[in-house]
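Novice: Sharing a structure below in structure tokens format, with a few things to ask.
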Amino acid sequence: KPGKKMSVEASLKDSENRWESSYAAHDVSVAQSLVANDFSGVYWDGKVQNKSAIIGQIKKDKDTYKSASNEKLSVRSYGPNCAVVIGTA
């Protein structure tokens, strides 16, 4: 329903899905708004990237995607202000 408040879990999963979809759309605005300035992400190949590197990667990517989606997202909460989302992109 429009206006219905999402649970924390649903909101985090929605954000992760918007972020993943933004790669296919080559849209840096999602990463700019969702990713913390002090973000560090570790990728499947062991590469560590910060926010600036992710935005740069999206900007230089010229690939065409048939899909960009997440699978098996799970959210683990660790108190009122901390949660971790785990899944496969």
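Chains: A, B, ... in order of the structure tokens. Residues: from 1 per chain. Ligands: from 1, in order shown.
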Please provide the set of residues having any atom within 10 Å of A:Ala31, restricted to only C-alpha atoms, with same-chain residues fewer than 2 positions apart removed, written as a ChimeraX atom specification.

Specialist: /A:15,18-20,22-23,27-29,33-36,51-52,54-55,58

Novice: Using DSSP secondary structure from the backbone, list all strand (DSSP E or B) positions within stretch 2-89 of chain A, as a PyMOL selection string.

Specialist: chain A and resi 40-42+48-50+71-77+83-88

Novice: If you keep N, CA and C atoms, can you produce a file of those selected residues as a PDB file, in the first residue's frame?

Specialist:
ATOM      1  N   SER A  40      33.751   0.680   2.734  1.00  0.00           N
ATOM      2  CA  SER A  40      34.742  -0.240   2.169  1.00  0.00           C
ATOM      3  C   SER A  40      33.992  -1.519   1.835  1.00  0.00           C
ATOM      4  N   GLY A  41      34.074  -1.941   0.584  1.00  0.00           N
ATOM      5  CA  GLY A  41      33.416  -3.162   0.151  1.00  0.00           C
ATOM      6  C   GLY A  41      34.454  -4.165  -0.314  1.00  0.00           C
ATOM      7  N   VAL A  42      34.285  -5.423   0.105  1.00  0.00           N
ATOM      8  CA  VAL A  42      35.175  -6.489  -0.329  1.00  0.00           C
ATOM      9  C   VAL A  42      34.405  -7.338  -1.331  1.00  0.00           C
ATOM     10  N   VAL A  48      39.138  -4.621  -2.694  1.00  0.00           N
ATOM     11  CA  VAL A  48      38.476  -3.715  -1.756  1.00  0.00           C
ATOM     12  C   VAL A  48      38.279  -2.384  -2.455  1.00  0.00           C
ATOM     13  N   GLN A  49      37.053  -1.865  -2.391  1.00  0.00           N
ATOM     14  CA  GLN A  49      36.767  -0.583  -3.029  1.00  0.00           C
ATOM     15  C   GLN A  49      36.085   0.351  -2.040  1.00  0.00           C
ATOM     16  N   ASN A  50      36.389   1.631  -2.189  1.00  0.00           N
ATOM     17  CA  ASN A  50      35.698   2.647  -1.398  1.00  0.00           C
ATOM     18  C   ASN A  50      34.599   3.273  -2.264  1.00  0.00           C
ATOM     19  N   GLU A  71      20.325 -11.986  -4.978  1.00  0.00           N
ATOM     20  CA  GLU A  71      19.693 -13.246  -4.594  1.00  0.00           C
ATOM     21  C   GLU A  71      19.979 -13.538  -3.131  1.00  0.00           C
ATOM     22  N   LYS A  72      19.033 -14.173  -2.501  1.00  0.00           N
ATOM     23  CA  LYS A  72      19.194 -14.677  -1.137  1.00  0.00           C
ATOM     24  C   LYS A  72      19.695 -13.612  -0.166  1.00  0.00           C
ATOM     25  N   LEU A  73      19.067 -12.441  -0.204  1.00  0.00           N
ATOM     26  CA  LEU A  73      19.440 -11.397   0.742  1.00  0.00           C
ATOM     27  C   LEU A  73      18.903 -11.745   2.129  1.00  0.00           C
ATOM     28  N   SER A  74      19.762 -11.651   3.116  1.00  0.00           N
ATOM     29  CA  SER A  74      19.301 -11.804   4.498  1.00  0.00           C
ATOM     30  C   SER A  74      19.832 -10.631   5.299  1.00  0.00           C
ATOM     31  N   VAL A  75      19.044 -10.199   6.253  1.00  0.00           N
ATOM     32  CA  VAL A  75      19.397  -9.053   7.080  1.00  0.00           C
ATOM     33  C   VAL A  75      19.576  -9.541   8.509  1.00  0.00           C
ATOM     34  N   ARG A  76      20.705  -9.159   9.078  1.00  0.00           N
ATOM     35  CA  ARG A  76      20.978  -9.482  10.485  1.00  0.00           C
ATOM     36  C   ARG A  76      21.103  -8.163  11.239  1.00  0.00           C
ATOM     37  N   SER A  77      20.263  -8.000  12.248  1.00  0.00           N
ATOM     38  CA  SER A  77      20.285  -6.777  13.051  1.00  0.00           C
ATOM     39  C   SER A  77      21.138  -6.990  14.294  1.00  0.00           C
ATOM     40  N   ALA A  83      22.810  -2.975  11.200  1.00  0.00           N
ATOM     41  CA  ALA A  83      22.345  -4.182  10.523  1.00  0.00           C
ATOM     42  C   ALA A  83      23.304  -4.500   9.392  1.00  0.00           C
ATOM     43  N   VAL A  84      23.394  -5.773   9.054  1.00  0.00           N
ATOM     44  CA  VAL A  84      24.249  -6.236   7.968  1.00  0.00           C
ATOM     45  C   VAL A  84      23.385  -6.996   6.975  1.00  0.00           C
ATOM     46  N   VAL A  85      23.544  -6.683   5.688  1.00  0.00           N
ATOM     47  CA  VAL A  85      22.824  -7.388   4.636  1.00  0.00           C
ATOM     48  C   VAL A  85      23.830  -8.300   3.934  1.00  0.00           C
ATOM     49  N   ILE A  86      23.462  -9.566   3.812  1.00  0.00           N
ATOM     50  CA  ILE A  86      24.323 -10.545   3.151  1.00  0.00           C
ATOM     51  C   ILE A  86      23.540 -11.146   1.993  1.00  0.00           C
ATOM     52  N   GLY A  87      24.201 -11.316   0.855  1.00  0.00           N
ATOM     53  CA  GLY A  87      23.538 -11.915  -0.292  1.00  0.00           C
ATOM     54  C   GLY A  87      24.491 -12.015  -1.464  1.00  0.00           C
ATOM     55  N   THR A  88      23.940 -12.397  -2.589  1.00  0.00           N
ATOM     56  CA  THR A  88      24.714 -12.546  -3.815  1.00  0.00           C
ATOM     57  C   THR A  88      24.146 -11.614  -4.869  1.00  0.00           C
TER      58      THR A  88
END

Novice: Could you tell me, as a PDB file with N, CA and C atoms, in the first residue's frame, which residues of chain A DSSP assigns to helix (DSSP H, G or I) when given the backbone?

Specialist:
ATOM      1  N   VAL A   8      12.456  -2.477   8.705  1.00  0.00           N
ATOM      2  CA  VAL A   8      13.882  -2.218   8.506  1.00  0.00           C
ATOM      3  C   VAL A   8      14.446  -3.215   7.508  1.00  0.00           C
ATOM      4  N   GLU A   9      14.078  -4.484   7.657  1.00  0.00           N
ATOM      5  CA  GLU A   9      14.568  -5.520   6.742  1.00  0.00           C
ATOM      6  C   GLU A   9      14.148  -5.231   5.304  1.00  0.00           C
ATOM      7  N   ALA A  10      12.893  -4.913   5.090  1.00  0.00           N
ATOM      8  CA  ALA A  10      12.393  -4.626   3.739  1.00  0.00           C
ATOM      9  C   ALA A  10      13.056  -3.379   3.161  1.00  0.00           C
ATOM     10  N   SER A  11      13.251  -2.365   3.990  1.00  0.00           N
ATOM     11  CA  SER A  11      13.878  -1.132   3.529  1.00  0.00           C
ATOM     12  C   SER A  11      15.328  -1.373   3.105  1.00  0.00           C
ATOM     13  N   LEU A  12      16.068  -2.150   3.892  1.00  0.00           N
ATOM     14  CA  LEU A  12      17.456  -2.455   3.544  1.00  0.00           C
ATOM     15  C   LEU A  12      17.540  -3.292   2.267  1.00  0.00           C
ATOM     16  N   LYS A  13      16.671  -4.277   2.141  1.00  0.00           N
ATOM     17  CA  LYS A  13      16.656  -5.094   0.925  1.00  0.00           C
ATOM     18  C   LYS A  13      16.299  -4.246  -0.294  1.00  0.00           C
ATOM     19  N   ASP A  14      15.354  -3.327  -0.131  1.00  0.00           N
ATOM     20  CA  ASP A  14      14.976  -2.429  -1.223  1.00  0.00           C
ATOM     21  C   ASP A  14      16.166  -1.559  -1.639  1.00  0.00           C
ATOM     22  N   SER A  15      16.882  -1.038  -0.676  1.00  0.00           N
ATOM     23  CA  SER A  15      18.059  -0.223  -0.981  1.00  0.00           C
ATOM     24  C   SER A  15      19.118  -1.035  -1.711  1.00  0.00           C
ATOM     25  N   GLU A  16      19.359  -2.257  -1.258  1.00  0.00           N
ATOM     26  CA  GLU A  16      20.332  -3.128  -1.932  1.00  0.00           C
ATOM     27  C   GLU A  16      19.903  -3.413  -3.370  1.00  0.00           C
ATOM     28  N   ASN A  17      18.617  -3.650  -3.575  1.00  0.00           N
ATOM     29  CA  ASN A  17      18.123  -3.938  -4.926  1.00  0.00           C
ATOM     30  C   ASN A  17      18.204  -2.707  -5.837  1.00  0.00           C
ATOM     31  N   ARG A  18      17.926  -1.521  -5.288  1.00  0.00           N
ATOM     32  CA  ARG A  18      18.071  -0.294  -6.080  1.00  0.00           C
ATOM     33  C   ARG A  18      19.531  -0.066  -6.456  1.00  0.00           C
ATOM     34  N   TRP A  19      20.427  -0.332  -5.514  1.00  0.00           N
ATOM     35  CA  TRP A  19      21.857  -0.156  -5.768  1.00  0.00           C
ATOM     36  C   TRP A  19      22.325  -1.114  -6.859  1.00  0.00           C
ATOM     37  N   GLU A  20      21.927  -2.374  -6.763  1.00  0.00           N
ATOM     38  CA  GLU A  20      22.335  -3.359  -7.782  1.00  0.00           C
ATOM     39  C   GLU A  20      21.775  -2.979  -9.151  1.00  0.00           C
ATOM     40  N   SER A  21      20.520  -2.581  -9.220  1.00  0.00           N
ATOM     41  CA  SER A  21      19.906  -2.179 -10.492  1.00  0.00           C
ATOM     42  C   SER A  21      20.590  -0.962 -11.097  1.00  0.00           C
ATOM     43  N   SER A  22      21.147  -0.112 -10.244  1.00  0.00           N
ATOM     44  CA  SER A  22      21.793   1.101 -10.744  1.00  0.00           C
ATOM     45  C   SER A  22      23.037   0.792 -11.569  1.00  0.00           C
ATOM     46  N   TYR A  23      23.666  -0.355 -11.331  1.00  0.00           N
ATOM     47  CA  TYR A  23      24.829  -0.733 -12.138  1.00  0.00           C
ATOM     48  C   TYR A  23      24.406  -0.936 -13.593  1.00  0.00           C
ATOM     49  N   ALA A  24      23.305  -1.645 -13.805  1.00  0.00           N
ATOM     50  CA  ALA A  24      22.826  -1.904 -15.163  1.00  0.00           C
ATOM     51  C   ALA A  24      22.391  -0.620 -15.858  1.00  0.00           C
ATOM     52  N   ALA A  25      21.873   0.321 -15.082  1.00  0.00           N
ATOM     53  CA  ALA A  25      21.403   1.592 -15.641  1.00  0.00           C
ATOM     54  C   ALA A  25      22.523   2.631 -15.735  1.00  0.00           C
ATOM     55  N   VAL A  28      24.911   6.637 -11.260  1.00  0.00           N
ATOM     56  CA  VAL A  28      25.742   6.837 -10.074  1.00  0.00           C
ATOM     57  C   VAL A  28      24.981   7.492  -8.923  1.00  0.00           C
ATOM     58  N   SER A  29      23.816   8.056  -9.183  1.00  0.00           N
ATOM     59  CA  SER A  29      23.090   8.775  -8.138  1.00  0.00           C
ATOM     60  C   SER A  29      22.695   7.864  -6.975  1.00  0.00           C
ATOM     61  N   VAL A  30      22.428   6.602  -7.266  1.00  0.00           N
ATOM     62  CA  VAL A  30      22.033   5.675  -6.198  1.00  0.00           C
ATOM     63  C   VAL A  30      23.208   5.435  -5.259  1.00  0.00           C
ATOM     64  N   ALA A  31      24.375   5.130  -5.805  1.00  0.00           N
ATOM     65  CA  ALA A  31      25.566   4.931  -4.970  1.00  0.00           C
ATOM     66  C   ALA A  31      25.918   6.217  -4.225  1.00  0.00           C
ATOM     67  N   GLN A  32      25.791   7.358  -4.889  1.00  0.00           N
ATOM     68  CA  GLN A  32      26.100   8.630  -4.229  1.00  0.00           C
ATOM     69  C   GLN A  32      25.213   8.863  -3.013  1.00  0.00           C
ATOM     70  N   SER A  33      23.949   8.453  -3.100  1.00  0.00           N
ATOM     71  CA  SER A  33      23.031   8.716  -1.988  1.00  0.00           C
ATOM     72  C   SER A  33      23.010   7.604  -0.942  1.00  0.00           C
ATOM     73  N   LEU A  34      23.254   6.355  -1.331  1.00  0.00           N
ATOM     74  CA  LEU A  34      23.141   5.245  -0.385  1.00  0.00           C
ATOM     75  C   LEU A  34      24.441   4.858   0.300  1.00  0.00           C
ATOM     76  N   LYS A  51      33.897   4.243  -1.708  1.00  0.00           N
ATOM     77  CA  LYS A  51      32.788   4.882  -2.414  1.00  0.00           C
ATOM     78  C   LYS A  51      33.242   5.504  -3.729  1.00  0.00           C
ATOM     79  N   SER A  52      34.342   6.215  -3.707  1.00  0.00           N
ATOM     80  CA  SER A  52      34.853   6.876  -4.907  1.00  0.00           C
ATOM     81  C   SER A  52      35.156   5.872  -6.020  1.00  0.00           C
ATOM     82  N   ALA A  53      35.743   4.739  -5.660  1.00  0.00           N
ATOM     83  CA  ALA A  53      36.070   3.714  -6.653  1.00  0.00           C
ATOM     84  C   ALA A  53      34.813   3.107  -7.258  1.00  0.00           C
ATOM     85  N   ILE A  54      33.790   2.908  -6.442  1.00  0.00           N
ATOM     86  CA  ILE A  54      32.528   2.354  -6.947  1.00  0.00           C
ATOM     87  C   ILE A  54      31.890   3.319  -7.940  1.00  0.00           C
ATOM     88  N   ILE A  55      31.845   4.585  -7.597  1.00  0.00           N
ATOM     89  CA  ILE A  55      31.259   5.579  -8.498  1.00  0.00           C
ATOM     90  C   ILE A  55      32.058   5.645  -9.798  1.00  0.00           C
ATOM     91  N   GLY A  56      33.374   5.607  -9.693  1.00  0.00           N
ATOM     92  CA  GLY A  56      34.226   5.600 -10.883  1.00  0.00           C
ATOM     93  C   GLY A  56      33.986   4.382 -11.758  1.00  0.00           C
ATOM     94  N   GLN A  57      33.798   3.237 -11.117  1.00  0.00           N
ATOM     95  CA  GLN A  57      33.531   2.003 -11.850  1.00  0.00           C
ATOM     96  C   GLN A  57      32.212   2.096 -12.615  1.00  0.00           C
ATOM     97  N   ILE A  58      31.188   2.618 -11.976  1.00  0.00           N
ATOM     98  CA  ILE A  58      29.888   2.764 -12.640  1.00  0.00           C
ATOM     99  C   ILE A  58      29.997   3.726 -13.820  1.00  0.00           C
ATOM    100  N   LYS A  59      30.728   4.824 -13.643  1.00  0.00           N
ATOM    101  CA  LYS A  59      30.876   5.823 -14.710  1.00  0.00           C
ATOM    102  C   LYS A  59      31.605   5.264 -15.928  1.00  0.00           C
ATOM    103  N   LYS A  60      32.637   4.454 -15.721  1.00  0.00           N
ATOM    104  CA  LYS A  60      33.426   3.967 -16.856  1.00  0.00           C
ATOM    105  C   LYS A  60      32.853   2.697 -17.488  1.00  0.00           C
TER     106      LYS A  60
END

Novice: Would you mind reading off the distance between atom CA of A:Lys5 and atom CA of A:His26, one decimal, in Å?

Specialist: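 Computed distance, atom CA of A:Lys5 to atom CA of A:His26, equals 28.7 Å.
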
Novice: Interatomic distance between atom CA of A:Lys66 and atom CA of A:Ala89?

Specialist: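 Taking atom CA of A:Lys66 and atom CA of A:Ala89, their separation equals 13.6 Å.
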